[in-house]
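Worksheet: the structure to be examined is printed underneath.
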Amino acid sequence: MNYWLVKSEPFKYSWEQFLKDKKTHWDGVRNYAARNNLKAMEKGDQVFFYHSNEGLAIVGIAEVVKTAYQDPTTEDPNWVVVDLKPVKTLPTPVTLEQIKAEPSLATMDLVRLSRLSVGAVKPDEYKKVMKMAGL
């Protein structure tokens, strides 16, 4: 299993809306590195849901339920989406400030590649964030 992180601005698509929707396709990615991460996702992979710009925290865990396919918001074949479903709201959101303060998370994509909207998460990073969230 692999681990990932996706970012969304809460005013555009919040964790709360995701919970209501019960499933979504992760569209609108127009960065090649982020697109490559979407293409690398496998069914069952776990995905941190991060509120960007407002909140600046990992707030939930999602799961990949369908691997990469053509992004329906564009006819350009270079862009793909994956389908995600919410799994769990974190008991305690883990803020970017907390992540940056944790030495073992210094090389996390969220810290190193702050503008990347879909990033990889290493297994040890995933475990540490889960512990920080109270899980």
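We label chains A, B, ... in the order they appear in the structure tokens, count residues from 1 in each chain, and number ligands from 1 in the order shown.
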
Give me the residues near range 14-20 of chain A as a list in words, where near means some atom within 10 Å (using only C-alpha atoms) and where sequence neighbours in that chain fewer than 4 positions away do not count.
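Using only C-alpha atoms, the neighbours found are Lys7, Ser8, Glu9, Pro10, Thr24, Phe49, Tyr50, His51, Ser52, Ile58, Val59, Gly60, Ile61, Ala62, Leu84, Lys85, Pro86, Val87, Lys88 and Thr89 of chain A.
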
With N, CA and C atoms kept, could you save the residues just selected as a compact mmCIF listing (two decimals), in the first residue's frame?
# COMPACT_ATOMS: atom_id res chain seq x y z
N LYS A 7 -4.51 18.16 -1.55
CA LYS A 7 -4.82 19.46 -0.96
C LYS A 7 -6.09 20.02 -1.60
N SER A 8 -6.89 20.66 -0.75
CA SER A 8 -8.06 21.36 -1.25
C SER A 8 -8.32 22.58 -0.39
N GLU A 9 -8.65 23.67 -1.03
CA GLU A 9 -9.04 24.85 -0.29
C GLU A 9 -10.46 24.61 0.22
N PRO A 10 -10.69 24.77 1.52
CA PRO A 10 -12.00 24.44 2.09
C PRO A 10 -13.17 25.17 1.43
N THR A 24 -15.74 11.14 -4.58
CA THR A 24 -15.50 12.19 -5.57
C THR A 24 -14.38 11.77 -6.51
N PHE A 49 -6.19 14.06 3.53
CA PHE A 49 -6.93 15.19 2.97
C PHE A 49 -6.49 16.43 3.74
N TYR A 50 -5.89 17.37 3.03
CA TYR A 50 -5.29 18.56 3.63
C TYR A 50 -6.06 19.80 3.22
N HIS A 51 -6.48 20.59 4.20
CA HIS A 51 -7.10 21.88 3.92
C HIS A 51 -5.99 22.91 3.70
N SER A 52 -5.89 23.45 2.50
CA SER A 52 -4.86 24.44 2.19
C SER A 52 -5.44 25.85 2.27
N ILE A 58 -4.02 18.69 8.03
CA ILE A 58 -4.54 17.41 7.56
C ILE A 58 -5.75 17.11 8.43
N VAL A 59 -6.91 16.94 7.80
CA VAL A 59 -8.16 16.81 8.55
C VAL A 59 -8.82 15.45 8.43
N GLY A 60 -8.41 14.66 7.43
CA GLY A 60 -9.06 13.38 7.24
C GLY A 60 -8.24 12.41 6.42
N ILE A 61 -8.77 11.19 6.33
CA ILE A 61 -8.15 10.12 5.56
C ILE A 61 -9.15 9.65 4.51
N ALA A 62 -8.69 9.55 3.28
CA ALA A 62 -9.50 9.04 2.18
C ALA A 62 -8.84 7.78 1.64
N LEU A 84 -11.91 8.99 -5.06
CA LEU A 84 -11.60 8.84 -3.64
C LEU A 84 -12.89 8.75 -2.84
N LYS A 85 -12.81 8.05 -1.71
CA LYS A 85 -13.92 8.04 -0.76
C LYS A 85 -13.35 8.39 0.61
N PRO A 86 -14.15 9.10 1.43
CA PRO A 86 -13.66 9.42 2.77
C PRO A 86 -13.66 8.17 3.64
N VAL A 87 -12.67 8.05 4.50
CA VAL A 87 -12.56 6.91 5.41
C VAL A 87 -12.77 7.35 6.86
N LYS A 88 -12.05 8.41 7.26
CA LYS A 88 -12.10 8.79 8.66
C LYS A 88 -11.71 10.26 8.83
N THR A 89 -12.44 10.94 9.69
CA THR A 89 -12.06 12.29 10.11
C THR A 89 -11.02 12.12 11.22

For the structure I just gave you, how does DSSP split chain A - specifically, which residues are strand (DSSP E or B)? Reply as number ranges by chain.
A: 3-8, 24-25, 46-51, 57-70, 80-95, 118-121

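Note that DSSP on the backbone gives alpha helix (DSSP H) to these residues of range 70-119 of chain A: A:Leu96, A:Glu97, A:Gln98, A:Ile99, A:Lys100, A:Ala101, A:Asp109, A:Leu110, A:Val111, A:Arg112.
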
Residue subset to file, keeping N, CA and C atoms, as a compact mmCIF listing (two decimals), in the first residue's frame:
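The resulting selection.txt:
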# COMPACT_ATOMS: atom_id res chain seq x y z
N LEU A 96 0.00 22.28 9.66
CA LEU A 96 1.27 22.45 8.97
C LEU A 96 2.34 22.91 9.95
N GLU A 97 1.98 23.75 10.88
CA GLU A 97 2.92 24.22 11.90
C GLU A 97 3.47 23.04 12.72
N GLN A 98 2.61 22.12 13.11
CA GLN A 98 3.05 20.94 13.86
C GLN A 98 3.95 20.06 13.00
N ILE A 99 3.58 19.90 11.74
CA ILE A 99 4.38 19.07 10.83
C ILE A 99 5.77 19.67 10.65
N LYS A 100 5.83 20.98 10.43
CA LYS A 100 7.13 21.64 10.25
C LYS A 100 7.98 21.59 11.51
N ALA A 101 7.34 21.51 12.67
CA ALA A 101 8.06 21.47 13.95
C ALA A 101 8.58 20.08 14.28
N ASP A 109 6.84 15.67 1.47
CA ASP A 109 6.50 16.48 0.29
C ASP A 109 5.74 17.74 0.67
N LEU A 110 4.84 17.64 1.65
CA LEU A 110 4.06 18.79 2.09
C LEU A 110 4.97 19.94 2.53
N VAL A 111 6.10 19.62 3.11
CA VAL A 111 7.06 20.63 3.58
C VAL A 111 8.01 21.03 2.46
N ARG A 112 8.59 20.05 1.79
CA ARG A 112 9.61 20.30 0.75
C ARG A 112 9.04 20.92 -0.52

Just how far from CA of Leu116 in chain A is CA of Ala33 in chain A, in Å to one decimal?
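A separation of 7.6 Å between them.
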
Polymer residues at most 12 Å from Met132 in chain A, only C-alpha atoms, same-chain spacing of 2 or more positions, as a PyMOL selection string:
chain A and resi 57-59+90-96+98-99+101-102+105+125-130+134-135

Would you put the residues from that selection into a file with N, CA and C atoms, as a PDB file, in the first residue's frame?
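Once everything was written out, this is selection10.pdb:
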ATOM      1  N   ALA A  57      -4.181  22.255   7.590  1.00  0.00           N
ATOM      2  CA  ALA A  57      -4.105  21.053   8.428  1.00  0.00           C
ATOM      3  C   ALA A  57      -4.591  19.827   7.663  1.00  0.00           C
ATOM      4  N   ILE A  58      -4.018  18.693   8.030  1.00  0.00           N
ATOM      5  CA  ILE A  58      -4.544  17.408   7.560  1.00  0.00           C
ATOM      6  C   ILE A  58      -5.745  17.115   8.434  1.00  0.00           C
ATOM      7  N   VAL A  59      -6.909  16.938   7.797  1.00  0.00           N
ATOM      8  CA  VAL A  59      -8.158  16.812   8.549  1.00  0.00           C
ATOM      9  C   VAL A  59      -8.825  15.446   8.429  1.00  0.00           C
ATOM     10  N   LEU A  90      -9.945  12.874  11.140  1.00  0.00           N
ATOM     11  CA  LEU A  90      -8.930  12.783  12.179  1.00  0.00           C
ATOM     12  C   LEU A  90      -9.490  13.347  13.489  1.00  0.00           C
ATOM     13  N   PRO A  91      -9.283  12.634  14.601  1.00  0.00           N
ATOM     14  CA  PRO A  91      -9.770  13.141  15.882  1.00  0.00           C
ATOM     15  C   PRO A  91      -9.165  14.507  16.217  1.00  0.00           C
ATOM     16  N   THR A  92      -7.901  14.675  15.858  1.00  0.00           N
ATOM     17  CA  THR A  92      -7.198  15.942  16.049  1.00  0.00           C
ATOM     18  C   THR A  92      -6.523  16.294  14.723  1.00  0.00           C
ATOM     19  N   PRO A  93      -6.971  17.367  14.051  1.00  0.00           N
ATOM     20  CA  PRO A  93      -6.284  17.766  12.820  1.00  0.00           C
ATOM     21  C   PRO A  93      -4.804  18.037  13.100  1.00  0.00           C
ATOM     22  N   VAL A  94      -3.973  17.709  12.133  1.00  0.00           N
ATOM     23  CA  VAL A  94      -2.532  17.921  12.274  1.00  0.00           C
ATOM     24  C   VAL A  94      -2.164  19.117  11.400  1.00  0.00           C
ATOM     25  N   THR A  95      -1.730  20.185  12.062  1.00  0.00           N
ATOM     26  CA  THR A  95      -1.463  21.429  11.350  1.00  0.00           C
ATOM     27  C   THR A  95      -0.109  21.414  10.656  1.00  0.00           C
ATOM     28  N   LEU A  96      -0.002  22.282   9.665  1.00  0.00           N
ATOM     29  CA  LEU A  96       1.267  22.448   8.967  1.00  0.00           C
ATOM     30  C   LEU A  96       2.344  22.910   9.952  1.00  0.00           C
ATOM     31  N   GLN A  98       2.605  22.120  13.109  1.00  0.00           N
ATOM     32  CA  GLN A  98       3.045  20.937  13.863  1.00  0.00           C
ATOM     33  C   GLN A  98       3.952  20.056  13.004  1.00  0.00           C
ATOM     34  N   ILE A  99       3.584  19.904  11.741  1.00  0.00           N
ATOM     35  CA  ILE A  99       4.375  19.068  10.828  1.00  0.00           C
ATOM     36  C   ILE A  99       5.769  19.669  10.647  1.00  0.00           C
ATOM     37  N   ALA A 101       7.335  21.512  12.670  1.00  0.00           N
ATOM     38  CA  ALA A 101       8.063  21.473  13.946  1.00  0.00           C
ATOM     39  C   ALA A 101       8.585  20.076  14.280  1.00  0.00           C
ATOM     40  N   GLU A 102       8.143  19.068  13.542  1.00  0.00           N
ATOM     41  CA  GLU A 102       8.527  17.682  13.808  1.00  0.00           C
ATOM     42  C   GLU A 102       9.722  17.316  12.916  1.00  0.00           C
ATOM     43  N   LEU A 105       9.578  14.787  10.045  1.00  0.00           N
ATOM     44  CA  LEU A 105       8.728  15.101   8.886  1.00  0.00           C
ATOM     45  C   LEU A 105       9.340  16.191   7.996  1.00  0.00           C
ATOM     46  N   GLU A 125       6.247   8.584   7.595  1.00  0.00           N
ATOM     47  CA  GLU A 125       5.573   9.878   7.730  1.00  0.00           C
ATOM     48  C   GLU A 125       4.092   9.673   8.033  1.00  0.00           C
ATOM     49  N   TYR A 126       3.488   8.718   7.330  1.00  0.00           N
ATOM     50  CA  TYR A 126       2.073   8.406   7.546  1.00  0.00           C
ATOM     51  C   TYR A 126       1.838   7.992   8.997  1.00  0.00           C
ATOM     52  N   LYS A 127       2.680   7.095   9.496  1.00  0.00           N
ATOM     53  CA  LYS A 127       2.538   6.615  10.880  1.00  0.00           C
ATOM     54  C   LYS A 127       2.704   7.753  11.872  1.00  0.00           C
ATOM     55  N   LYS A 128       3.674   8.628  11.637  1.00  0.00           N
ATOM     56  CA  LYS A 128       3.915   9.747  12.554  1.00  0.00           C
ATOM     57  C   LYS A 128       2.723  10.704  12.576  1.00  0.00           C
ATOM     58  N   VAL A 129       2.200  11.040  11.408  1.00  0.00           N
ATOM     59  CA  VAL A 129       1.042  11.944  11.330  1.00  0.00           C
ATOM     60  C   VAL A 129      -0.169  11.297  12.014  1.00  0.00           C
ATOM     61  N   MET A 130      -0.352  10.011  11.812  1.00  0.00           N
ATOM     62  CA  MET A 130      -1.467   9.303  12.460  1.00  0.00           C
ATOM     63  C   MET A 130      -1.335   9.381  13.981  1.00  0.00           C
ATOM     64  N   GLY A 134      -3.769  11.379  16.922  1.00  0.00           N
ATOM     65  CA  GLY A 134      -4.436  10.614  17.978  1.00  0.00           C
ATOM     66  C   GLY A 134      -4.924   9.259  17.544  1.00  0.00           C
ATOM     67  N   LEU A 135      -4.368   8.742  16.473  1.00  0.00           N
ATOM     68  CA  LEU A 135      -4.766   7.412  15.979  1.00  0.00           C
ATOM     69  C   LEU A 135      -3.600   6.430  16.061  1.00  0.00           C
TER      70      LEU A 135
END

Excluding range 42-48 of chain A and any residue of its chain fewer than 4 positions from it, enumerate the residues within 6 Å of it, using only C-alpha atoms, and give them as a tab-separated table (two decimals) with C-alpha atoms, in the first residue's frame.
chain	number	residue	atom	x	y	z
A	1	MET	CA	0.00	0.00	0.00
A	2	ASN	CA	1.10	3.55	-0.78
A	3	TYR	CA	0.25	6.77	0.99
A	4	TRP	CA	-0.56	10.16	-0.49
A	5	LEU	CA	-1.74	13.64	0.36
A	60	GLY	CA	-9.06	13.38	7.24
A	61	ILE	CA	-8.15	10.12	5.56
A	62	ALA	CA	-9.50	9.04	2.18
A	63	GLU	CA	-9.01	5.91	0.11
A	64	VAL	CA	-8.43	5.44	-3.61
A	65	VAL	CA	-11.42	3.53	-4.99
A	66	LYS	CA	-10.68	3.92	-8.73
A	67	THR	CA	-7.30	4.41	-10.37

Separation of CA of Lys39 in chain A from CA of Asn78 in chain A, in Å and rounded to one decimal
10.7 Å

To one decimal place in Å, what is the distance between CA of Trp79 in chain A and CA of Ala34 in chain A?
10.0 Å

Pick from A:Met108, A:Tyr13, A:Lys22, A:Val121, whichever lies nearest to Asn37 in chain A using only C-alpha atoms:
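Of A:Met108, A:Tyr13, A:Lys22, A:Val121, the one nearest Asn37 in chain A is A:Val121, counting only C-alpha atoms.
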
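Closest approach to Ala40 in chain A among A:Pro103, A:Gly28, A:Asp124, A:Ala68 is made by A:Ala68 (distances from only C-alpha atoms).
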